[in-house]
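S.K.: Below you will find the structure I want to go over with you.
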Amino acid sequence: MSGYIYETRPESLLRITNEERAKAFIDDQVKALKEQIGDKKVLLALSGGVDSSVVAALLIKAIGKQLTCVHVNHGLLRKGESEQVIKVFREELGANLIYVDAVDRFLDALAGVSDPEQKRKIIGSLFIDVFAEEAEKLEDIKFLGQGTIYPDILESQGVKAHHNVGGLPEKFGFELVEPVKFLYKDEVRVVGKALGLPDNMVYRQPFPGPGLGVRCVGAITRDRLESLREADAIVREEIDKLQFKPWQYFCIIPDMQSTGIKDGKRYMGWAVVIRAINTTDAVTATVPALSFQTLCNIRDRIIKTVPGVNRVLWDISEKPVATIEWE
Ligand code: XMP
């Protein structure tokens, strides 16, 4: 399976539906990657998403320390995500991992920007800048690893949808290494599982590239973003306890305040919104019935522990006409 030359999925590649097929794919890929890369070095932007994590694990298996992973923390990740990337890849898999704390740069650049498209643009282009700066510091890198998957090729001519490193290859002259480019998402997950990645990484919900940035509606402020991150962790923890989980569930913090009352005094606080949807393709979405008990558990924890939040709402809008995300 080495050296794919066609941009259509090879017919010989069986659907990877079980561990046995995943292991065969991994063996083939490790061999192919060793052949392609030889003794050269590879750079990979590792967000902690399923695709980049699986590519990282495959590359570590094939070439070990010849791989350098760069994890950029832009401050818009969910609670515990950066820590998990460091734990799994640096501590458990022994990867060369550069952790870049770019939180202040991103939040400073986003300060006062309320237009959603503008926010996305700033996050995307700053990500490339930060990643490029790291790439410049490294010597002898020949290849750039990418978590391109087959739908990216089918839907956007091979440009990783919403992926922000697309500008790099031309600038640096890197050759691409894309070991999962003919796999569908469900297959990438089976491969990730066979590689021993943790379940919460392998079965992660879709998460926008601009991360919590599109869920902290309007101009992002640090306090509102922190409250969103905490509330989001609570929503996910409480819904994770259910036997039948929705397809995607998270929380939003709108750019509005409403009256609350504390110690006999009125004050203005934030509202957070619970969003849980079911879908097969994210093109249309329905809203599953969360039990009142689940909603109350979420409400109680958020109101008790999340600073600045005095109201919890449940978004029961379907797609269409509402989109899944708020921005
Ligand atoms: P919407 O809001 O368009 O979302 O109904 C459909 C699905 O796409 C995800 N989404 C994104 N994913 N970058 C991504 O990688 C983005 O900018 C982005 N915006 C939306 C969303 O979470 C949902 O699953």
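Going through the structure tokens in order, the chains are called A, B, and so on, while each chain numbers its residues from 1 and the ligands are numbered from 1 in the order shown.
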Tell me which protein, DNA and RNA residues are within 8 Å of A:Tyr184, counting only C-alpha atoms, leaving out same-chain ones fewer than 3 positions away, and put them as a VMD selection string.
M.R.: chain A and resid 149 to 151 187 to 188
S.K.: If we count only C-alpha atoms, what is near stretch 8-17 of chain A at a cut-off of 10 Å, once residues fewer than 6 positions away on the same chain are taken out, given as a PyMOL selection string?
M.R.: chain A and resi 1+23-25+150+153-154+181-184+186-191
S.K.: Save the residues we just selected, C-alpha atoms, as a PDB file, in the first residue's frame?
M.R.:
```pdb
ATOM      1  CA  MET A   1       0.000   0.000   0.000  1.00  0.00           C
ATOM      2  CA  LYS A  23      -3.864  -4.164  12.469  1.00  0.00           C
ATOM      3  CA  ALA A  24      -3.211  -5.189   8.863  1.00  0.00           C
ATOM      4  CA  PHE A  25      -3.600  -1.547   7.787  1.00  0.00           C
ATOM      5  CA  TYR A 150     -10.923  10.640   2.495  1.00  0.00           C
ATOM      6  CA  ILE A 153     -10.262  14.757  -0.555  1.00  0.00           C
ATOM      7  CA  LEU A 154     -13.787  14.166  -1.814  1.00  0.00           C
ATOM      8  CA  LYS A 181      -5.990   9.931   3.488  1.00  0.00           C
ATOM      9  CA  PHE A 182      -8.047   7.074   2.047  1.00  0.00           C
ATOM     10  CA  LEU A 183      -9.911   6.305   5.251  1.00  0.00           C
ATOM     11  CA  TYR A 184     -13.356   7.375   6.336  1.00  0.00           C
ATOM     12  CA  ASP A 186     -15.189   5.557  11.313  1.00  0.00           C
ATOM     13  CA  GLU A 187     -12.168   3.670   9.962  1.00  0.00           C
ATOM     14  CA  VAL A 188      -9.750   6.197  11.445  1.00  0.00           C
ATOM     15  CA  ARG A 189     -11.391   5.536  14.805  1.00  0.00           C
ATOM     16  CA  VAL A 190     -10.984   1.758  14.454  1.00  0.00           C
ATOM     17  CA  VAL A 191      -7.313   2.271  13.598  1.00  0.00           C
TER      18      VAL A 191
END
```
S.K.: Enumerate as a list in words the residues within 7 Å of ligand 1, counting only C-alpha atoms and all ligand atoms.
M.R.: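 Residues lying within 7 Å of ligand 1: Ala161, His162, Pro206, Phe207, Pro208, Gly209, Pro210, Gln248, Ala282, Val283, Lys319, Thr323, Ile324, Glu325, Trp326 and Glu327 of chain A.
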S.K.: Give me a file of those residues, with C-alpha atoms, as a PDB file, in the first residue's frame.
M.R.:
```
ATOM      1  CA  ALA A 161     -11.446  21.084   5.729  1.00  0.00           C
ATOM      2  CA  HIS A 162     -11.086  23.622   8.534  1.00  0.00           C
ATOM      3  CA  PRO A 206     -16.635  16.764  16.270  1.00  0.00           C
ATOM      4  CA  PHE A 207     -14.995  19.918  17.509  1.00  0.00           C
ATOM      5  CA  PRO A 208     -14.572  22.984  15.309  1.00  0.00           C
ATOM      6  CA  GLY A 209     -11.021  24.000  14.377  1.00  0.00           C
ATOM      7  CA  PRO A 210     -11.626  27.433  15.974  1.00  0.00           C
ATOM      8  CA  GLN A 248     -22.775  15.851  19.824  1.00  0.00           C
ATOM      9  CA  ALA A 282     -24.390  17.050  10.483  1.00  0.00           C
ATOM     10  CA  VAL A 283     -26.449  18.377   7.564  1.00  0.00           C
ATOM     11  CA  LYS A 319     -31.251  21.980  12.011  1.00  0.00           C
ATOM     12  CA  THR A 323     -27.199  25.397  12.710  1.00  0.00           C
ATOM     13  CA  ILE A 324     -25.573  23.118  15.274  1.00  0.00           C
ATOM     14  CA  GLU A 325     -23.026  25.728  16.350  1.00  0.00           C
ATOM     15  CA  TRP A 326     -24.108  29.253  17.163  1.00  0.00           C
ATOM     16  CA  GLU A 327     -21.493  30.954  14.993  1.00  0.00           C
TER      17      GLU A 327
END
```
S.K.: Would you pick out the contacts of stretch 291-295 of chain A at 8 Å or less, using only C-alpha atoms, so that residues sharing its chain but fewer than 3 positions from it are not included, and give the list as a PyMOL selection string?
M.R.: chain A and resi 238-239+298-299
S.K.: Could you take the residues named above and write them with all heavy atoms, as a tab-separated table (two decimals), in the first residue's frame?
M.R.:
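Below you can see result21.tsv, which holds the result:
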```tsv
chain	number	residue	atom	x	y	z
A	238	GLU	N	-21.91	15.22	32.55
A	238	GLU	CA	-23.25	14.77	32.94
A	238	GLU	C	-23.90	13.94	31.81
A	238	GLU	O	-24.52	12.92	32.07
A	238	GLU	CB	-24.14	15.96	33.32
A	238	GLU	CG	-23.74	16.62	34.65
A	238	GLU	CD	-23.79	15.65	35.84
A	238	GLU	OE1	-24.71	14.81	35.90
A	238	GLU	OE2	-22.89	15.74	36.70
A	239	ILE	N	-23.73	14.39	30.58
A	239	ILE	CA	-24.36	13.64	29.47
A	239	ILE	C	-23.60	12.34	29.20
A	239	ILE	O	-24.19	11.35	28.80
A	239	ILE	CB	-24.51	14.55	28.22
A	239	ILE	CG1	-25.48	15.69	28.56
A	239	ILE	CG2	-25.00	13.76	27.02
A	239	ILE	CD1	-25.81	16.65	27.43
A	298	ILE	N	-27.15	19.26	35.52
A	298	ILE	CA	-26.25	20.19	34.82
A	298	ILE	C	-26.42	21.60	35.41
A	298	ILE	O	-25.45	22.27	35.76
A	298	ILE	CB	-26.55	20.20	33.30
A	298	ILE	CG1	-26.17	18.85	32.68
A	298	ILE	CG2	-25.82	21.34	32.61
A	298	ILE	CD1	-26.62	18.69	31.23
A	299	ARG	N	-27.68	22.02	35.53
A	299	ARG	CA	-27.96	23.37	36.06
A	299	ARG	C	-27.32	23.56	37.43
A	299	ARG	O	-26.63	24.54	37.69
A	299	ARG	CB	-29.47	23.57	36.16
A	299	ARG	CG	-29.87	24.88	36.82
A	299	ARG	CD	-31.29	24.82	37.34
A	299	ARG	NE	-31.45	23.78	38.36
A	299	ARG	CZ	-32.62	23.28	38.76
A	299	ARG	NH1	-33.74	23.68	38.20
A	299	ARG	NH2	-32.67	22.35	39.70
```
S.K.: Smallest atom-to-atom distance to A:Ser317: which of A:Ile123, A:Ile303, A:Ile220, A:Val273, using only C-alpha atoms?
M.R.: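 Selected residue with least distance to A:Ser317: A:Val273.
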S.K.: Can you list, as number ranges by chain, every protein, DNA or RNA residue that comes within 12 Å of A:Trp247 when you count only C-alpha atoms, leaving out same-chain residues fewer than 4 positions away?
M.R.: A: 203-207, 236, 239-240, 275-282, 285-288, 324
S.K.: Near A:Leu44, within 6 Å and counting only C-alpha atoms, which residues show up once chain neighbours fewer than 3 positions away are dropped, as a list in words?
M.R.: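 In the requested format, the answer is Cys69, Leu144 and Gly145 of chain A.
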S.K.: So, with only C-alpha atoms as the atoms that count, which of A:Ala289, A:Ile252, A:Thr305, A:Leu225 lies closest to A:Lys79?
M.R.: A:Leu225
S.K.: Contacts between stretch 104-110 of chain A and stretch 173-255 of chain A, please, where a residue of stretch 173-255 of chain A counts if it comes within 9 Å (with only C-alpha atoms); show its shortest atom pair and distance in Å to one decimal, rows by chain and ascending number, as CSV.
M.R.:
```
residue,atom,partner,partner_atom,distance
A:Ala219,CA,A:Leu110,CA,7.3
A:Ile220,CA,A:Leu110,CA,6.7
A:Thr221,CA,A:Leu107,CA,7.8
A:Arg222,CA,A:Leu107,CA,7.5
```
S.K.: Identify all residues of stretch 99-320 of chain A in strand (DSSP E or B) (DSSP on the backbone) and supply them as a ChimeraX atom specification.
M.R.: /A:99-101,141-145,175-177,216,248-253,257-262,265-278,285-286,309-315,319
